[in-house]
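A.B. asks: Contents of target-v6.txt (compact mmCIF, C-alpha atoms):
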```txt
# COMPACT_ATOMS: atom_id res chain seq x y z
CA MET A 1 70.00 76.36 104.42
CA ASN A 2 72.12 76.74 101.31
CA ALA A 3 75.76 77.75 101.92
CA ALA A 4 75.43 80.38 99.18
CA ASP A 5 72.87 82.17 101.38
CA LEU A 6 75.59 82.78 103.97
CA VAL A 7 78.18 84.26 101.62
CA THR A 8 78.02 88.03 101.25
CA ASP A 9 79.36 90.05 98.34
CA GLY A 10 81.88 91.56 100.77
CA ASN A 11 83.16 88.10 101.70
CA VAL A 12 83.54 87.19 98.03
CA ARG A 13 85.53 90.39 97.37
CA ALA A 14 87.70 89.81 100.45
CA TRP A 15 88.42 86.23 99.39
CA GLU A 16 89.30 87.28 95.84
CA SER A 17 91.67 90.01 97.01
CA SER A 18 93.23 87.89 99.78
CA SER A 19 95.03 85.71 97.29
CA ARG A 20 96.32 88.63 95.21
CA SER A 21 98.94 90.00 97.58
CA PRO A 22 102.39 88.43 97.55
CA PHE A 23 103.21 90.21 100.84
CA PRO A 24 101.81 88.76 104.07
CA HIS A 25 98.82 90.68 105.41
CA MET A 26 99.16 93.64 103.02
CA SER A 27 95.96 94.57 101.24
CA PRO A 28 95.98 94.84 97.44
CA PHE A 29 96.09 98.65 97.88
CA ASP A 30 99.12 98.44 100.22
CA THR A 31 100.76 95.97 97.85
CA LYS A 32 100.40 98.40 94.93
CA VAL A 33 102.21 101.11 96.93
CA TRP A 34 104.95 98.76 98.18
CA THR A 35 105.53 97.27 94.72
CA ALA A 36 105.78 100.77 93.25
CA PHE A 37 108.36 101.68 95.90
CA LEU A 38 110.41 98.57 95.13
CA GLU A 39 110.29 99.37 91.40
CA THR A 40 111.91 102.78 91.99
CA HIS A 41 115.10 101.32 93.50
CA PHE A 42 115.11 104.53 95.58
CA MET A 43 117.35 103.09 98.27
CA PRO A 44 119.32 99.89 98.73
CA LEU A 45 117.39 97.33 100.80
CA SER A 46 118.68 94.31 102.66
CA ASP A 47 117.40 91.98 105.37
CA ILE A 48 113.77 92.55 104.32
CA VAL A 49 111.21 90.88 106.60
CA TYR A 50 107.43 91.05 106.33
CA ASP A 51 104.59 90.75 108.83
CA VAL A 52 106.81 91.06 111.90
CA ALA A 53 105.03 90.17 115.14
CA LEU A 54 105.74 92.65 117.94
CA GLY A 55 104.39 93.13 121.43
CA GLY A 56 101.64 90.91 122.72
CA LYS A 57 102.21 91.25 126.46
CA SER A 58 98.46 91.10 127.05
CA ALA A 59 98.60 87.38 126.33
CA ARG A 60 100.20 86.88 129.75
CA HIS A 61 96.69 87.28 131.19
CA VAL A 62 95.51 84.12 129.45
CA ARG A 63 95.72 81.09 131.75
CA ALA A 64 98.57 78.74 130.92
CA ASP A 65 96.16 75.79 130.67
CA ASP A 66 93.70 77.61 128.36
CA ASP A 67 93.17 75.65 125.14
CA LEU A 68 93.22 78.93 123.20
CA LYS A 69 96.37 80.40 124.77
CA GLU A 70 98.48 79.84 121.64
CA MET A 71 95.81 81.49 119.48
CA TRP A 72 95.62 84.52 121.79
CA GLU A 73 99.40 84.85 121.88
CA SER A 74 99.37 85.07 118.09
CA LEU A 75 96.34 87.35 117.68
CA ILE A 76 97.33 89.92 120.31
CA LYS A 77 100.65 90.69 118.63
CA LYS A 78 100.99 93.82 116.51
CA ARG A 79 102.03 93.22 112.88
CA LEU A 80 104.65 95.44 111.27
CA ASP A 81 104.26 95.52 107.47
CA VAL A 82 107.97 95.58 106.59
CA ALA A 83 111.35 95.99 108.22
CA PHE A 84 114.53 96.40 106.24
CA THR A 85 118.07 97.71 106.51
CA SER A 86 119.43 100.43 104.25
CA LYS A 87 122.92 101.86 104.59
CA GLY A 88 123.21 100.53 108.13
CA VAL A 89 119.85 101.91 109.28
CA VAL A 90 117.01 99.59 110.30
CA TRP A 91 113.60 100.85 109.19
CA CYS A 92 110.20 99.86 110.59
CA VAL A 93 107.82 100.56 107.72
CA GLU A 94 104.07 101.01 107.53
CA VAL A 95 102.74 100.86 103.96
CA LYS A 96 99.46 102.60 103.19
CA PRO A 97 97.91 104.40 100.23
CA LEU A 98 97.36 107.40 102.54
CA ALA A 99 99.72 108.47 105.33
CA ASN A 100 97.09 109.31 107.92
CA MET A 101 96.69 109.26 111.71
CA ALA A 102 96.42 105.48 111.72
CA ALA A 103 99.72 105.11 109.84
CA LEU A 104 101.41 107.56 112.21
CA GLY A 105 100.26 105.76 115.34
CA GLN A 106 101.05 102.34 113.93
CA VAL A 107 104.58 103.13 112.78
CA LEU A 108 105.49 104.92 116.02
CA THR A 109 104.25 101.91 117.98
CA TYR A 110 106.07 99.42 115.78
CA ALA A 111 109.40 101.29 115.98
CA PHE A 112 109.02 101.64 119.76
CA LEU A 113 108.26 97.92 120.22
CA TRP A 114 111.04 96.89 117.83
CA ASN A 115 113.56 98.89 119.83
CA ALA A 116 112.14 97.84 123.21
CA GLU A 117 112.41 94.19 122.19
CA GLY A 118 116.03 94.67 121.08
CA ARG A 119 115.38 93.40 117.56
CA SER A 120 118.52 95.02 116.14
CA GLU A 121 121.87 96.27 117.41
CA THR A 122 121.05 99.80 116.28
CA GLU A 123 117.89 101.73 117.00
CA ALA A 124 115.26 101.34 114.29
CA ARG A 125 113.70 104.37 112.60
CA ALA A 126 110.05 104.83 111.62
CA MET A 127 109.00 105.18 107.97
CA VAL A 128 105.70 105.39 106.11
CA ILE A 129 105.57 104.59 102.42
CA CYS A 130 102.44 105.90 100.76
CA SER A 131 100.96 107.53 97.66
CA ARG A 132 99.40 110.48 99.49
CA VAL A 133 99.81 112.18 102.84
CA ASP A 134 97.14 113.89 104.91
CA GLU A 135 98.41 117.46 104.62
CA ASP A 136 97.26 118.26 108.17
CA LEU A 137 99.69 115.62 109.44
CA GLU A 138 102.86 116.43 107.52
CA ALA A 139 104.11 118.62 110.38
CA VAL A 140 103.22 115.88 112.88
CA PHE A 141 105.21 113.26 110.95
CA ARG A 142 108.13 115.70 110.92
CA PHE A 143 107.74 116.44 114.66
CA PHE A 144 108.08 112.74 115.47
CA ASP A 145 110.95 112.25 112.98
CA VAL A 146 108.94 109.80 110.91
CA THR A 147 110.29 109.55 107.38
CA VAL A 148 107.55 109.66 104.75
CA ILE A 149 108.13 108.56 101.17
CA LEU A 150 105.42 109.31 98.64
CA VAL A 151 105.52 107.02 95.64
CA LEU A 152 103.41 107.25 92.50
CA PRO A 153 102.65 103.79 91.10
CA SER A 154 103.36 103.21 87.44
CA SER A 155 100.85 103.95 84.73
CA GLU A 156 100.70 102.93 81.08
CA SER A 157 102.97 105.85 80.19
CA GLU A 158 105.15 106.38 83.30
CA PRO A 159 107.23 104.12 85.56
CA SER A 160 106.77 104.22 89.33
CA GLN A 161 108.43 107.25 90.82
CA ILE A 162 109.19 108.87 94.15
CA VAL A 163 107.39 112.22 94.22
CA LYS A 164 108.26 113.48 97.70
CA VAL A 165 110.38 112.53 100.69
CA PHE A 166 110.45 114.23 104.05
CA GLY A 167 112.02 113.29 107.35
CA PRO A 168 115.44 111.80 108.02
CA LEU A 169 116.86 109.22 105.60
CA SER A 170 119.75 108.19 107.80
CA GLY A 171 120.22 107.20 111.41
CA GLU A 172 120.47 110.88 112.43
```
Please, can you express the file's structure as structure tokens?

C.D. replies:
Amino acid sequence: MNAADLVTDGNVRAWESSSRSPFPHMSPFDTKVWTAFLETHFMPLSDIVYDVALGGKSARHVRADDDLKEMWESLIKKRLDVAFTSKGVVWCVEVKPLANMAALGQVLTYAFLWNAEGRSETEARAMVICSRVDEDLEAVFRFFDVTVILVLPSSESEPSQIVKVFGPLSGE
């Protein structure tokens, strides 16, 4: 069997895009949104960390002598896209083109785990950075005090810009 017979078009596309993102585990689409946000200089950022492993308690069920225990401990963890500090507030950030139910659930989980694990001296806040928000969910993001920042990536004629912000921007 020829190796080329095993490679699908989807695998080729995934391989090509996997090397395009400078941010660990962000897709090219996520990277475009995050890069646009960074270009706006909307808020001062410090202590930026990417691909933060959180949780993973399920790995305790893997036998200590299992050859794959280390692999399971790594794979079971949840991966926060970005955490940063701005004006004394720690933010757990999910980056997506669309702020949808998945983004909401992920960022709430990440902020909860961050705080439960005592990752910072102050309680971390949840934030989603996106280019669009599911309008049915805007009230839900607000209900859970999740800050949402909508950023429009640059075009040939316009620089990246913040088009909407809702939710708290401080540790309130």

A.B. asks: In Å to one decimal, how far is CA of Pro22 in chain A from CA of Met127 in chain A?

C.D. replies: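 It comes out at 20.8 Å.
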
A.B. asks: Please identify all polymer residues within 6 Å of Val93 in chain A, counting only C-alpha atoms, omitting same-chain residues fewer than 6 positions from it, and present them as a list of chain:residue names.

C.D. replies: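 Answer for this query is A:Val82, A:Ala83, A:Met127, A:Val128.
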
A.B. asks: Take the residues just selected and output them with C-alpha atoms as a compact mmCIF listing (two decimals), in the coordinates of the input.

C.D. replies:
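Written out: part_15.txt:
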```txt
# COMPACT_ATOMS: atom_id res chain seq x y z
CA VAL A 82 107.97 95.58 106.59
CA ALA A 83 111.35 95.99 108.22
CA MET A 127 109.00 105.18 107.97
CA VAL A 128 105.70 105.39 106.11
```

A.B. asks: Can you pull out the residues contacting Pro97 in chain A? Cut-off 10 Å, using all atoms listed in the file, and skip same-chain residues under 4 positions away; I want them as a list in words.

C.D. replies: Phe29, Asp30, Thr31, Lys32, Val33, Trp34, Ala103, Val128, Ile129, Cys130, Ser131, Arg132, Val133, Leu150, Val151 and Leu152 of chain A

A.B. asks: Keeping only C-alpha atoms, write the selected residues to a file as a PDB file, in the coordinates of the input.

C.D. replies:
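In the end it all went to again-v7.pdb:
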```pdb
ATOM      1  CA  PHE A  29      96.090  98.650  97.880  1.00  0.00           C
ATOM      2  CA  ASP A  30      99.120  98.440 100.220  1.00  0.00           C
ATOM      3  CA  THR A  31     100.760  95.970  97.850  1.00  0.00           C
ATOM      4  CA  LYS A  32     100.400  98.400  94.930  1.00  0.00           C
ATOM      5  CA  VAL A  33     102.210 101.110  96.930  1.00  0.00           C
ATOM      6  CA  TRP A  34     104.950  98.760  98.180  1.00  0.00           C
ATOM      7  CA  ALA A 103      99.720 105.110 109.840  1.00  0.00           C
ATOM      8  CA  VAL A 128     105.700 105.390 106.110  1.00  0.00           C
ATOM      9  CA  ILE A 129     105.570 104.590 102.420  1.00  0.00           C
ATOM     10  CA  CYS A 130     102.440 105.900 100.760  1.00  0.00           C
ATOM     11  CA  SER A 131     100.960 107.530  97.660  1.00  0.00           C
ATOM     12  CA  ARG A 132      99.400 110.480  99.490  1.00  0.00           C
ATOM     13  CA  VAL A 133      99.810 112.180 102.840  1.00  0.00           C
ATOM     14  CA  LEU A 150     105.420 109.310  98.640  1.00  0.00           C
ATOM     15  CA  VAL A 151     105.520 107.020  95.640  1.00  0.00           C
ATOM     16  CA  LEU A 152     103.410 107.250  92.500  1.00  0.00           C
TER      17      LEU A 152
END
```

A.B. asks: Measuring atom to atom with all atoms listed in the file, identify which of A:Ala126, A:Ile48, A:Ala99, A:Cys92 is nearest to Phe23 in chain A.

C.D. replies: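 Among the listed residues, the smallest separation from Phe23 in chain A belongs to A:Ile48.
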
A.B. asks: List as a PyMOL selection string the protein and nucleic acid residues near range 160-165 of chain A, meaning an atom at most 9 Å away when all atoms listed in the file are counted, but skip any in the same chain fewer than 2 places from it.

C.D. replies: chain A and resi 35-40+42+131+147-155+158+167-169

A.B. asks: Since the input lacks some atoms of range 109-136 of chain A, please model N, CA and C atoms and print them as a PDB file, in the frame of the given file.

C.D. replies:
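Once everything was written out, this is result_34.pdb:
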```
ATOM      1  N   THR A 109     104.365 103.065 117.088  1.00  0.00           N
ATOM      2  CA  THR A 109     104.250 101.910 117.980  1.00  0.00           C
ATOM      3  C   THR A 109     105.199 100.799 117.559  1.00  0.00           C
ATOM      4  N   TYR A 110     105.210 100.501 116.269  1.00  0.00           N
ATOM      5  CA  TYR A 110     106.070  99.420 115.780  1.00  0.00           C
ATOM      6  C   TYR A 110     107.551  99.723 116.047  1.00  0.00           C
ATOM      7  N   ALA A 111     107.983 100.939 115.752  1.00  0.00           N
ATOM      8  CA  ALA A 111     109.400 101.290 115.980  1.00  0.00           C
ATOM      9  C   ALA A 111     109.724 101.216 117.473  1.00  0.00           C
ATOM     10  N   PHE A 112     108.806 101.701 118.312  1.00  0.00           N
ATOM     11  CA  PHE A 112     109.020 101.640 119.760  1.00  0.00           C
ATOM     12  C   PHE A 112     109.161 100.186 120.218  1.00  0.00           C
ATOM     13  N   LEU A 113     108.215  99.327 119.803  1.00  0.00           N
ATOM     14  CA  LEU A 113     108.260  97.920 120.220  1.00  0.00           C
ATOM     15  C   LEU A 113     109.493  97.208 119.672  1.00  0.00           C
ATOM     16  N   TRP A 114     109.840  97.492 118.425  1.00  0.00           N
ATOM     17  CA  TRP A 114     111.040  96.890 117.830  1.00  0.00           C
ATOM     18  C   TRP A 114     112.264  97.195 118.697  1.00  0.00           C
ATOM     19  N   ASN A 115     112.403  98.468 119.031  1.00  0.00           N
ATOM     20  CA  ASN A 115     113.560  98.890 119.830  1.00  0.00           C
ATOM     21  C   ASN A 115     113.487  98.341 121.254  1.00  0.00           C
ATOM     22  N   ALA A 116     112.299  98.348 121.843  1.00  0.00           N
ATOM     23  CA  ALA A 116     112.140  97.840 123.210  1.00  0.00           C
ATOM     24  C   ALA A 116     112.453  96.351 123.292  1.00  0.00           C
ATOM     25  N   GLU A 117     112.154  95.626 122.213  1.00  0.00           N
ATOM     26  CA  GLU A 117     112.410  94.190 122.190  1.00  0.00           C
ATOM     27  C   GLU A 117     113.851  93.867 121.775  1.00  0.00           C
ATOM     28  N   GLY A 118     114.636  94.892 121.457  1.00  0.00           N
ATOM     29  CA  GLY A 118     116.030  94.670 121.080  1.00  0.00           C
ATOM     30  C   GLY A 118     116.189  93.871 119.808  1.00  0.00           C
ATOM     31  N   ARG A 119     115.365  94.163 118.811  1.00  0.00           N
ATOM     32  CA  ARG A 119     115.380  93.400 117.560  1.00  0.00           C
ATOM     33  C   ARG A 119     116.623  93.635 116.714  1.00  0.00           C
ATOM     34  N   SER A 120     117.311  94.749 116.923  1.00  0.00           N
ATOM     35  CA  SER A 120     118.520  95.020 116.140  1.00  0.00           C
ATOM     36  C   SER A 120     119.550  95.701 117.044  1.00  0.00           C
ATOM     37  N   GLU A 121     120.797  95.660 116.622  1.00  0.00           N
ATOM     38  CA  GLU A 121     121.870  96.270 117.410  1.00  0.00           C
ATOM     39  C   GLU A 121     121.771  97.786 117.430  1.00  0.00           C
ATOM     40  N   THR A 122     121.227  98.353 116.355  1.00  0.00           N
ATOM     41  CA  THR A 122     121.050  99.800 116.280  1.00  0.00           C
ATOM     42  C   THR A 122     119.567 100.124 116.399  1.00  0.00           C
ATOM     43  N   GLU A 123     119.286 101.329 116.828  1.00  0.00           N
ATOM     44  CA  GLU A 123     117.890 101.730 117.000  1.00  0.00           C
ATOM     45  C   GLU A 123     117.205 101.873 115.639  1.00  0.00           C
ATOM     46  N   ALA A 124     116.034 101.268 115.529  1.00  0.00           N
ATOM     47  CA  ALA A 124     115.260 101.340 114.290  1.00  0.00           C
ATOM     48  C   ALA A 124     114.580 102.689 114.163  1.00  0.00           C
ATOM     49  N   ARG A 125     114.382 103.111 112.927  1.00  0.00           N
ATOM     50  CA  ARG A 125     113.700 104.370 112.600  1.00  0.00           C
ATOM     51  C   ARG A 125     112.315 104.038 112.046  1.00  0.00           C
ATOM     52  N   ALA A 126     111.414 105.000 112.107  1.00  0.00           N
ATOM     53  CA  ALA A 126     110.050 104.830 111.620  1.00  0.00           C
ATOM     54  C   ALA A 126     109.903 105.445 110.226  1.00  0.00           C
ATOM     55  N   MET A 127     109.211 104.716 109.336  1.00  0.00           N
ATOM     56  CA  MET A 127     109.000 105.180 107.970  1.00  0.00           C
ATOM     57  C   MET A 127     107.599 104.789 107.508  1.00  0.00           C
ATOM     58  N   VAL A 128     106.963 105.694 106.774  1.00  0.00           N
ATOM     59  CA  VAL A 128     105.700 105.390 106.110  1.00  0.00           C
ATOM     60  C   VAL A 128     105.927 105.540 104.621  1.00  0.00           C
ATOM     61  N   ILE A 129     105.521 104.530 103.873  1.00  0.00           N
ATOM     62  CA  ILE A 129     105.570 104.590 102.420  1.00  0.00           C
ATOM     63  C   ILE A 129     104.135 104.630 101.941  1.00  0.00           C
ATOM     64  N   CYS A 130     103.828 105.638 101.132  1.00  0.00           N
ATOM     65  CA  CYS A 130     102.440 105.900 100.760  1.00  0.00           C
ATOM     66  C   CYS A 130     102.380 106.556  99.382  1.00  0.00           C
ATOM     67  N   SER A 131     101.162 106.785  98.909  1.00  0.00           N
ATOM     68  CA  SER A 131     100.960 107.530  97.660  1.00  0.00           C
ATOM     69  C   SER A 131     100.453 108.942  97.923  1.00  0.00           C
ATOM     70  N   ARG A 132      99.887 109.149  99.112  1.00  0.00           N
ATOM     71  CA  ARG A 132      99.400 110.480  99.490  1.00  0.00           C
ATOM     72  C   ARG A 132      99.605 110.647 100.990  1.00  0.00           C
ATOM     73  N   VAL A 133      99.694 111.900 101.410  1.00  0.00           N
ATOM     74  CA  VAL A 133      99.810 112.180 102.840  1.00  0.00           C
ATOM     75  C   VAL A 133      98.717 113.168 103.223  1.00  0.00           C
ATOM     76  N   ASP A 134      98.107 112.939 104.355  1.00  0.00           N
ATOM     77  CA  ASP A 134      97.140 113.890 104.910  1.00  0.00           C
ATOM     78  C   ASP A 134      97.919 115.162 105.215  1.00  0.00           C
ATOM     79  N   GLU A 135      97.625 116.227 104.497  1.00  0.00           N
ATOM     80  CA  GLU A 135      98.410 117.460 104.620  1.00  0.00           C
ATOM     81  C   GLU A 135      98.378 118.039 106.033  1.00  0.00           C
ATOM     82  N   ASP A 136      97.324 117.787 106.784  1.00  0.00           N
ATOM     83  CA  ASP A 136      97.260 118.260 108.170  1.00  0.00           C
ATOM     84  C   ASP A 136      98.305 117.573 109.039  1.00  0.00           C
TER      85      ASP A 136
END
```
